[in-house]
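Input: a single structure, listed below in structure tokens.
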Amino acid sequence: MTLALPIQVPEPDELEEDARQSIIRRDSEHLTRLLVDYDKFRDYYDGDQSLTYATDEWKLAFGDQFEELVANWCEVVVDVLEERIELDRIIFRSSGDEEDEDLSDRIWQVLHDNEFGDLENDLYNGALVEGVSSVIVWPDENIGARVDQQSAQNVLVRYDNNDERVINHAIKRWVTDDGELRLTLYTPDFIYKYKIPSTVQSEIPDEGTLKSIEDQSHSLWEPRPISETGDTAWPLPNPFGEVPIVEFKGRRDKSELTNITPIQDAFNKTLADVMVSGEYNSYRQKYIVSSNEEPQGGWKSTPGNVWTLVPEVDIEGKPLPTQIGTLDETPPDGYIKVLEMLLQVVSTISRTPTYYFMQSSRQGSRGDAPSGDALRVTETGLIKKVQKLQGKWATAWVKVGRLVAMASRNSGAIDLVGDVSWKNPQAHFMTQLLEEARRMIQELGLPPEFAWRHIGLTEKQIRDARTWREENLPEGRVVTRIDIQNQPPASTPPQRPEPSQPPPQ
């Protein structure tokens, strides 16, 4: 696809303001409905998990002492996956199969000028937690292009009914620090910027809630003047000719926590039960069987507290002995087994190895953590998830790089074919990977470059290695192994002469 900047900007479309207001209201209301799940998953990831299930016994025993007692496994499930995904490079080819290194380097530099490390982390975290995260690209005269990550709570993208790969329009909605509600409508031709002033919001019941604002805002959205936005026109012409937003979606376009939050609730509930059980059953509980009225101060077994018990008889005058005793302690073993079972369920659903939940390889623990090849087998499901996400997000990164190229070039057509390389998610298994690479070269006769990619070398490192081989190896010679035994020593020490006769015993 050939694209270039600047492009011929069309005249403002015939879409009347009433039609735009209708689109804004519809999409804004839909985004508000989505916030229920988005905010829920974000709260669970952040550990904001309310103990709404706490029993009366819990509240009586602990009050608000452990009001926020949670074991946040949602964060573990997301972070373990996120830490395995790291972009190495976006590779563009202007024509043929050869990489256009200058273009790729320029795009890579623009991304790093946009604090790429934080951008990448925020993107992946949002896609895994909320299920979707976005990037907005816009020309910037200083660094070529602005690339800003957007949370799912702020952006809604609508795709063409006939082609799900083409964005029809999108909105970005947010609230400023002074309470002004703003919304930007992105279309392929123009950018429309609106607002609801904070003074208007203050007149709406239930101030501050987006739902209440939308219920009353059918005619409240007003264009933001160019004196406020700093734009050259309203609407603002879109120089890309397409909506400059790229979505990064989670697996199956859902949050990784969709099936984890109910188990997280069950775990927290069981953990609360363990606390209650420990409070009542970890010490010997005393009991008394008697019809005597409770003495002053209650049935408390404390020093200096004397109980006075009156002898009792039944209706026939026979004496009823008062019974006093203790109950045995109840260990929490049953609860611990339930907690471990729930962690196993979380591990199975999320494909997260159990040793991320239970550090069993540490001193004093169970000591059953896998190692070596068994460790790689254990992480197979996790790595498969990583590879699926890499495949899905590779297309998104190519779109981002393409928009960056369009924004940062002043003239000339760009006929881009893109590819993405990722850092190896199994790089922590380097010892095993090196052995596999050696076998690929020696036993299978595969090119060294194939093995280098297998062990996770970046494209730059592969280019440097290829250059080194060309400069240091004779033509046609391929080094596949260093045989230390057949190498001559650096220096040969003088040999002592052998004695003509054996030494005396």
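Residues in the structure tokens are named by chain (A, B, ... in the order shown) and by number from 1 within that chain; ligands are numbered from 1 in the order shown.
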
Query raised in the report: Which residues come within 12 Å of Gly381 (chain A), counting only C-alpha atoms, excluding same-chain residues fewer than 4 positions away, as a list in words?
Result: Leu81, Ser347, Thr348, Ile349, Ser350, Arg351, Thr352, Pro353, Thr354, Leu375, Arg376, Val377, Lys385, Val386, Gln387 and Lys388 of chain A

Might you pull out every residue within 8 Å of Glu247 (chain A), with only C-alpha atoms counted and same-chain residues fewer than 3 positions away left off, and present them as a PDB file with N, CA and C atoms, in the first residue's frame?
ATOM      1  N   VAL A 132      -7.784  -4.861  26.107  1.00  0.00           N
ATOM      2  CA  VAL A 132      -7.490  -4.029  24.939  1.00  0.00           C
ATOM      3  C   VAL A 132      -6.747  -2.793  25.402  1.00  0.00           C
ATOM      4  N   SER A 133      -5.825  -2.342  24.583  1.00  0.00           N
ATOM      5  CA  SER A 133      -5.081  -1.120  24.826  1.00  0.00           C
ATOM      6  C   SER A 133      -4.799  -0.503  23.468  1.00  0.00           C
ATOM      7  N   SER A 134      -4.575   0.805  23.420  1.00  0.00           N
ATOM      8  CA  SER A 134      -4.469   1.484  22.133  1.00  0.00           C
ATOM      9  C   SER A 134      -3.256   2.393  22.068  1.00  0.00           C
ATOM     10  N   VAL A 135      -2.892   2.732  20.825  1.00  0.00           N
ATOM     11  CA  VAL A 135      -1.846   3.704  20.534  1.00  0.00           C
ATOM     12  C   VAL A 135      -2.424   4.735  19.582  1.00  0.00           C
ATOM     13  N   ALA A 396      -0.045  -5.365  14.855  1.00  0.00           N
ATOM     14  CA  ALA A 396      -0.315  -4.042  15.428  1.00  0.00           C
ATOM     15  C   ALA A 396       0.936  -3.173  15.411  1.00  0.00           C
TER      16      ALA A 396
END

Report task. Quick one: pick out all helix (DSSP H, G or I) residues within region 78-227 of chain A from a backbone DSSP run and write them as number ranges by chain. Result -> A: 78-82, 101-113, 116-129, 198-201, 210-216, 226-227

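The coordinates place CA of Pro321 (chain A) at 8.2 Å from CA of Ser290 (chain A).
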
Report task. Would you mind reading off the distance between CA of Leu185 (chain A) and CA of Lys172 (chain A), one decimal, in Å? Result -> 6.8 Å

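Atom pair CA of Glu164 (chain A) / CA of Arg93 (chain A) has a distance of 25.4 Å (rounded to one decimal).
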
Query - Polymer residues at most 10 Å from Leu111 (chain A), only C-alpha atoms, same-chain spacing of 6 or more positions, as a ChimeraX atom specification - result: /A:105,117,119-120,143-147,400-401,404

Could the residues in this selection be written to a file with N, CA and C atoms, as a CSV table (one decimal), in the first residue's frame?
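Final output, saved to selection-v6.csv:
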chain,number,residue,atom,x,y,z
A,105,ASP,N,15.7,2.1,11.2
A,105,ASP,CA,16.4,2.8,12.2
A,105,ASP,C,15.6,4.1,12.6
A,117,GLY,N,10.2,2.2,26.3
A,117,GLY,CA,10.2,1.2,27.4
A,117,GLY,C,8.9,1.3,28.2
A,119,LEU,N,6.2,2.9,27.2
A,119,LEU,CA,5.1,2.7,26.2
A,119,LEU,C,4.8,1.3,26.0
A,120,GLU,N,5.8,0.4,25.8
A,120,GLU,CA,5.6,-1.0,25.6
A,120,GLU,C,5.0,-1.7,26.8
A,143,ILE,N,10.2,15.5,17.1
A,143,ILE,CA,10.7,14.1,17.1
A,143,ILE,C,10.1,13.3,15.9
A,144,GLY,N,9.3,13.9,15.1
A,144,GLY,CA,8.7,13.2,13.9
A,144,GLY,C,7.3,12.7,14.2
A,145,ALA,N,7.0,12.1,15.3
A,145,ALA,CA,5.7,11.6,15.6
A,145,ALA,C,5.5,11.4,17.1
A,146,ARG,N,4.3,11.7,17.6
A,146,ARG,CA,4.0,11.4,19.0
A,146,ARG,C,3.3,10.1,19.0
A,147,VAL,N,3.7,9.2,19.9
A,147,VAL,CA,3.1,7.9,20.0
A,147,VAL,C,2.7,7.7,21.4
A,400,VAL,N,1.7,0.5,13.7
A,400,VAL,CA,2.2,1.6,14.4
A,400,VAL,C,3.4,2.2,13.7
A,401,GLY,N,4.4,1.3,13.3
A,401,GLY,CA,5.5,1.7,12.6
A,401,GLY,C,5.2,2.4,11.3
A,404,VAL,N,4.0,5.9,12.1
A,404,VAL,CA,5.1,6.7,12.4
A,404,VAL,C,5.9,7.1,11.2

Find the residues near region 264-270 of chain A: any atom within 7 Å, counting only C-alpha atoms, skip ones fewer than 5 places away on the same chain, and give them as a short mmCIF file (atom, residue, chain, number, x, y, z; two decimals) with N, CA and C atoms, in the first residue's frame.
data_model
loop_
_atom_site.label_atom_id
_atom_site.label_comp_id
_atom_site.auth_asym_id
_atom_site.auth_seq_id
_atom_site.Cartn_x
_atom_site.Cartn_y
_atom_site.Cartn_z
N TYR A 53 -17.52 -10.70 51.32
CA TYR A 53 -18.00 -12.00 51.77
C TYR A 53 -17.63 -12.28 53.23
N VAL A 70 -5.94 -9.59 51.16
CA VAL A 70 -6.06 -10.33 49.91
C VAL A 70 -4.70 -10.92 49.56
N ALA A 71 -4.71 -12.03 48.88
CA ALA A 71 -3.50 -12.59 48.27
C ALA A 71 -3.66 -12.41 46.78
N TRP A 73 -3.26 -12.88 43.38
CA TRP A 73 -2.69 -13.73 42.34
C TRP A 73 -2.98 -13.19 40.95
N TYR A 335 -7.93 -26.31 55.36
CA TYR A 335 -8.01 -25.05 54.63
C TYR A 335 -6.80 -24.88 53.71
N LEU A 339 -6.67 -24.06 49.72
CA LEU A 339 -5.94 -22.95 49.12
C LEU A 339 -4.99 -23.44 48.02
N LEU A 342 -6.97 -24.30 44.94
CA LEU A 342 -7.39 -23.11 44.19
C LEU A 342 -6.22 -22.54 43.39
#

Requested in this report: Would you list the contacts of Leu156 (chain A) as a VMD selection string, taking every protein, DNA or RNA residue within 8 Å and counting only C-alpha atoms, but skipping same-chain residues closer than 4 positions in sequence?
Outcome: chain A and resid 27 31 152 170 to 172

Report task. From a DSSP calculation on the backbone, collect every residue of region 101-336 of chain A in strand (DSSP E) and output the set as an MDAnalysis selection string. Result -> chainID A and resid 132:140 144:150 155:159 167:175 181:186 190:196 222:223 236:237 245:249 285:289 312:313 319:320 323:327

Query raised in the report: Which neighbours of Gly47 (chain A) fall inside 7 Å, counting only C-alpha atoms, when residues of the same chain fewer than 3 positions from it are skipped, and could you give them as a ChimeraX atom specification?
Result: /A:43-44,72

Requested in this report: For region 309-319 of chain A, please output as number ranges by chain all residues within 9 Å (counting only C-alpha atoms; exclusion window: fewer than 6 positions along the same chain).
Outcome: A: 290-293, 295

Could you dump the residues just selected with N, CA, C and O atoms as a PDB file, in the first residue's frame?
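For reference, again23.pdb as written:
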ATOM      1  N   SER A 290     -24.063 -26.294  81.787  1.00  0.00           N
ATOM      2  CA  SER A 290     -24.762 -25.945  83.023  1.00  0.00           C
ATOM      3  C   SER A 290     -25.942 -25.065  82.694  1.00  0.00           C
ATOM      4  O   SER A 290     -25.940 -24.358  81.682  1.00  0.00           O
ATOM      5  N   SER A 291     -26.970 -25.139  83.543  1.00  0.00           N
ATOM      6  CA  SER A 291     -28.127 -24.265  83.376  1.00  0.00           C
ATOM      7  C   SER A 291     -28.026 -23.042  84.268  1.00  0.00           C
ATOM      8  O   SER A 291     -28.976 -22.257  84.374  1.00  0.00           O
ATOM      9  N   ASN A 292     -26.902 -22.869  84.954  1.00  0.00           N
ATOM     10  CA  ASN A 292     -26.696 -21.692  85.778  1.00  0.00           C
ATOM     11  C   ASN A 292     -26.668 -20.449  84.901  1.00  0.00           C
ATOM     12  O   ASN A 292     -26.223 -20.483  83.744  1.00  0.00           O
ATOM     13  N   GLU A 293     -27.164 -19.378  85.487  1.00  0.00           N
ATOM     14  CA  GLU A 293     -27.111 -18.116  84.779  1.00  0.00           C
ATOM     15  C   GLU A 293     -25.658 -17.656  84.646  1.00  0.00           C
ATOM     16  O   GLU A 293     -24.812 -17.948  85.488  1.00  0.00           O
ATOM     17  N   PRO A 295     -22.488 -15.767  85.082  1.00  0.00           N
ATOM     18  CA  PRO A 295     -22.067 -14.925  86.197  1.00  0.00           C
ATOM     19  C   PRO A 295     -21.677 -13.532  85.735  1.00  0.00           C
ATOM     20  O   PRO A 295     -21.490 -13.286  84.530  1.00  0.00           O
TER      21      PRO A 295
END

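Using only C-alpha atoms, the shortest contact distance between Lys423 (chain A) and any of A:Ile288, A:Cys74, A:Leu34, A:Ile85 is found at A:Ile85.
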